[in-house]
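Student: Sharing a structure with you now.
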Amino acid sequence: MEKINESPPGKVYLVFGPTGVGKSTLCRRVENKLIEVYHDETEHNKGIIPVVTHELISSDNGKFNWKDFYRRMLKIMQEPLIDYKVASDKSMKNHRIPNHSPNTSPELRESLENALDYRETKVVLLDEAQHLLKVTNAKAIEDQMDAIKSLANVTGAIFVMFGTYELMQFFNLSGQIGRRSHEIHFPRYNFGKPRERKEFKSVINTFQLSTPLIEKSDLVQYWEFMYERTIGCVGILKEWLDLCVKEAVNKNFPRITEELLEKHAPSATKILKIAEEATNGEEKLEQAAAEDQFKLRNVLNMNKQKAEVQVEVSEKPKKKDVGKRNLNRDVVGVTESGA
């Protein structure tokens with residue numbers, strides 16, 4: 001929320017993290033918080049829509065469908081006569097453009113731009129944004145991000161995209177895109193960090209205190225098993241405990257038992273796949289940061305200058321310590337002059 005409140009118009013944010021970490025929940029909470037923030041404005045002017053939230057749809061043919069995206073966005077914004085929109089540029093009327101191109105249906109794109117402008121939309125939240133990456137080649141990835149950046153720039157709306165580590169492909173596509181976008185990592189709880197282990201236990205305790213059961217469920221004692229089957233992702237943990245609570249309520253169980261917990265635990269096979277994707281994404285992120293810093297210093301000739309300074313220091317003659325003899329071999333035995 002701080003980023004959004006302090007953000008200039010037209011900024012694009014990429015919120016990324018592992019599957020099940022809670023990105024969709026975060027998206028909904030941000031939406032609810034923004035609705036509260038703009039409540040007075042909407043009460044004063046019923047025609048404005050300050051916040052628009054849309055979950056991107058995975059295309060059937062493996063390519064992101066921009067025409068479908070425009071239509072769904074206009075429908076969310078309650079735009080009338082979607083099927084009767086006409087582009088102001090008449091030269092585009094008879095041009096057939098594939099649906100997976102951002103330039104498809106210029107009349108719908110223009111209508112969306114106008115709707116975001118006239119409805120005074122401040123923030124657009126796009127969940128499952130990794131579906132934008134369903135394109136045919138690397139150049140198309142840049143085109144996808146360019147299209148979002150253009151929408152943000154033309155309308156002044158702040159776009160916040162939530163997705164998996166796949167969104168890292170959008171990073172640093174060009175200097176212009178990089179300048180107008182900002183990345184926010186939403187990580188899982190790390191088992192290797194004591195503070196985060198403590199926080200994960202606290203999350204479990206919060207869940208168990210909120211269950212509508214007769215007796216308190218002591219789930220914290222099983223925290224290691226619960227971490228193993230969630231890899232520290234709160235979204236997975238919530239889905240798991242929701243299933244346990246549902247069965248406990250239906251069968252009049254007073255609390256969540258160990259047996260109930262094991263029954264509804266995500267399978268090790270499923271979690272292993274999620275864990276591999278998560279650790280792979282974390283490693284790529286860490287590696288990319290280190291490599292980019294090294295490349296940046298190379299471009300600025302900073303690494304070369306540092307190396308030259310080190311050589312100069314190593315070649316500089318050392319001063320002789322006062323009172324310390326040079327390393328010479330002393331003469332031993334009797335010389336002829338002293339005989």
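Residue numbers start at 1 in each chain; chains themselves are named A, B, ... in the order of the structure tokens; ligands are numbered from 1 in the order shown.
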Would you pick out the contacts of segment 141-154 of chain A at 10 Å or less, using only C-alpha atoms, so that residues sharing its chain but fewer than 3 positions from it are not included, and give the list as a ChimeraX atom specification?
Tutor: /A:9-12,64,66,100-103,109-110,112-114,116-117,122-124,132-138,157-159,161,169-174,176-177,180-181
Student: What parts of segment 33-250 of chain A does DSSP call helix (DSSP H, G or I)? I'd like the answer as a VMD selection string.
Tutor: chain A and resid 33 to 37 39 to 44 66 to 76 82 to 84 90 to 92 106 to 118 129 to 133 138 to 155 165 to 170 175 to 180 194 to 209 220 to 228 234 to 250
Student: Could you pull out the residues in segment 90-321 of chain A that DSSP calls strand (DSSP E) from the backbone, as a PyMOL selection string?
Tutor: chain A and resi 123-127+158-163+181-185
Student: Pick out the closest residue to Phe253 of chain A from this set: A:Tyr38, A:Lys270, A:Leu213, A:Thr230. Count only C-alpha atoms.
Tutor: A:Leu213
Student: Residues near segment 18-22 of chain A, anyone? I mean within 7 Å using only C-alpha atoms, not counting same-chain ones fewer than 5 positions away, as a PDB file with all heavy atoms, in the first residue's frame.
Tutor:
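File produced: around-v2.pdb:
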ATOM      1  N   THR A 164       3.695 -15.505 -10.529  1.00  0.00           N
ATOM      2  CA  THR A 164       4.757 -16.399 -10.073  1.00  0.00           C
ATOM      3  C   THR A 164       6.127 -15.857 -10.476  1.00  0.00           C
ATOM      4  O   THR A 164       6.238 -14.759 -11.031  1.00  0.00           O
ATOM      5  CB  THR A 164       4.557 -17.798 -10.677  1.00  0.00           C
ATOM      6  OG1 THR A 164       4.676 -17.696 -12.116  1.00  0.00           O
ATOM      7  CG2 THR A 164       3.186 -18.347 -10.342  1.00  0.00           C
ATOM      8  N   TYR A 165       7.166 -16.654 -10.220  1.00  0.00           N
ATOM      9  CA  TYR A 165       8.518 -16.253 -10.590  1.00  0.00           C
ATOM     10  C   TYR A 165       8.686 -16.099 -12.101  1.00  0.00           C
ATOM     11  O   TYR A 165       9.690 -15.545 -12.563  1.00  0.00           O
ATOM     12  CB  TYR A 165       9.537 -17.267 -10.059  1.00  0.00           C
ATOM     13  CG  TYR A 165       9.815 -17.128  -8.580  1.00  0.00           C
ATOM     14  CD1 TYR A 165       9.416 -18.100  -7.677  1.00  0.00           C
ATOM     15  CD2 TYR A 165      10.481 -16.010  -8.084  1.00  0.00           C
ATOM     16  CE1 TYR A 165       9.665 -17.973  -6.318  1.00  0.00           C
ATOM     17  CE2 TYR A 165      10.740 -15.875  -6.735  1.00  0.00           C
ATOM     18  CZ  TYR A 165      10.328 -16.855  -5.850  1.00  0.00           C
ATOM     19  OH  TYR A 165      10.575 -16.708  -4.506  1.00  0.00           O
ATOM     20  N   PRO A 187       8.217 -13.396  -0.784  1.00  0.00           N
ATOM     21  CA  PRO A 187       8.823 -14.703  -0.534  1.00  0.00           C
ATOM     22  C   PRO A 187       8.017 -15.560   0.436  1.00  0.00           C
ATOM     23  O   PRO A 187       7.125 -15.081   1.139  1.00  0.00           O
ATOM     24  CB  PRO A 187      10.176 -14.339   0.068  1.00  0.00           C
ATOM     25  CG  PRO A 187       9.882 -13.079   0.832  1.00  0.00           C
ATOM     26  CD  PRO A 187       8.850 -12.335   0.020  1.00  0.00           C
ATOM     27  N   ARG A 188       8.377 -16.826   0.482  1.00  0.00           N
ATOM     28  CA  ARG A 188       7.808 -17.753   1.470  1.00  0.00           C
ATOM     29  C   ARG A 188       8.640 -17.655   2.749  1.00  0.00           C
ATOM     30  O   ARG A 188       9.710 -17.024   2.762  1.00  0.00           O
ATOM     31  CB  ARG A 188       7.850 -19.183   0.933  1.00  0.00           C
ATOM     32  CG  ARG A 188       9.261 -19.684   0.662  1.00  0.00           C
ATOM     33  CD  ARG A 188       9.293 -20.926  -0.210  1.00  0.00           C
ATOM     34  NE  ARG A 188      10.667 -21.312  -0.518  1.00  0.00           N
ATOM     35  CZ  ARG A 188      11.393 -22.172   0.167  1.00  0.00           C
ATOM     36  NH1 ARG A 188      10.862 -22.767   1.235  1.00  0.00           N
ATOM     37  NH2 ARG A 188      12.618 -22.473  -0.178  1.00  0.00           N
ATOM     38  N   CYS A 233       4.577 -21.613   2.628  1.00  0.00           N
ATOM     39  CA  CYS A 233       3.636 -20.774   1.879  1.00  0.00           C
ATOM     40  C   CYS A 233       2.296 -20.706   2.612  1.00  0.00           C
ATOM     41  O   CYS A 233       1.639 -21.737   2.805  1.00  0.00           O
ATOM     42  CB  CYS A 233       3.427 -21.318   0.471  1.00  0.00           C
ATOM     43  SG  CYS A 233       4.878 -21.145  -0.599  1.00  0.00           S
ATOM     44  N   VAL A 234       1.882 -19.525   2.995  1.00  0.00           N
ATOM     45  CA  VAL A 234       0.682 -19.348   3.804  1.00  0.00           C
ATOM     46  C   VAL A 234      -0.582 -19.694   3.021  1.00  0.00           C
ATOM     47  O   VAL A 234      -1.557 -20.195   3.592  1.00  0.00           O
ATOM     48  CB  VAL A 234       0.603 -17.897   4.330  1.00  0.00           C
ATOM     49  CG1 VAL A 234      -0.689 -17.668   5.096  1.00  0.00           C
ATOM     50  CG2 VAL A 234       1.798 -17.601   5.222  1.00  0.00           C
ATOM     51  N   GLY A 235      -0.579 -19.449   1.721  1.00  0.00           N
ATOM     52  CA  GLY A 235      -1.746 -19.780   0.911  1.00  0.00           C
ATOM     53  C   GLY A 235      -2.055 -21.268   0.921  1.00  0.00           C
ATOM     54  O   GLY A 235      -3.215 -21.683   1.040  1.00  0.00           O
ATOM     55  N   ILE A 236      -1.004 -22.080   0.805  1.00  0.00           N
ATOM     56  CA  ILE A 236      -1.179 -23.540   0.848  1.00  0.00           C
ATOM     57  C   ILE A 236      -1.643 -23.958   2.235  1.00  0.00           C
ATOM     58  O   ILE A 236      -2.521 -24.818   2.387  1.00  0.00           O
ATOM     59  CB  ILE A 236       0.143 -24.251   0.490  1.00  0.00           C
ATOM     60  CG1 ILE A 236       0.582 -23.871  -0.922  1.00  0.00           C
ATOM     61  CG2 ILE A 236      -0.012 -25.763   0.601  1.00  0.00           C
ATOM     62  CD1 ILE A 236       1.935 -24.427  -1.332  1.00  0.00           C
ATOM     63  N   ILE A 274       6.230 -27.979  -6.312  1.00  0.00           N
ATOM     64  CA  ILE A 274       6.132 -26.563  -5.931  1.00  0.00           C
ATOM     65  C   ILE A 274       7.445 -26.089  -5.307  1.00  0.00           C
ATOM     66  O   ILE A 274       7.907 -24.975  -5.571  1.00  0.00           O
ATOM     67  CB  ILE A 274       4.964 -26.346  -4.948  1.00  0.00           C
ATOM     68  CG1 ILE A 274       3.628 -26.661  -5.644  1.00  0.00           C
ATOM     69  CG2 ILE A 274       4.945 -24.923  -4.405  1.00  0.00           C
ATOM     70  CD1 ILE A 274       2.426 -26.604  -4.726  1.00  0.00           C
ATOM     71  N   ALA A 278       9.896 -23.140  -6.584  1.00  0.00           N
ATOM     72  CA  ALA A 278      10.173 -22.010  -5.690  1.00  0.00           C
ATOM     73  C   ALA A 278      11.678 -21.801  -5.512  1.00  0.00           C
ATOM     74  O   ALA A 278      12.177 -20.673  -5.646  1.00  0.00           O
ATOM     75  CB  ALA A 278       9.510 -22.233  -4.338  1.00  0.00           C
TER      76      ALA A 278
END
Student: Could you work out how far atom CA of Ala129 of chain A lies from atom CA of Glu286 of chain A, giving the answer in Å with one decimal?
Tutor: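 Pair atom CA of Glu286 of chain A / atom CA of Ala129 of chain A returns 21.7 Å.
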Student: If you measure from atom CA of Leu237 of chain A to atom CA of Ala265 of chain A, what distance in Å do you get, rounded to one decimal?
Tutor: 9.2 Å
Student: So, with only C-alpha atoms as the atoms that count, which of A:Leu296, A:Val220, A:Val30, A:Ala288 lies closest to Ile4 of chain A?
Tutor: A:Val30
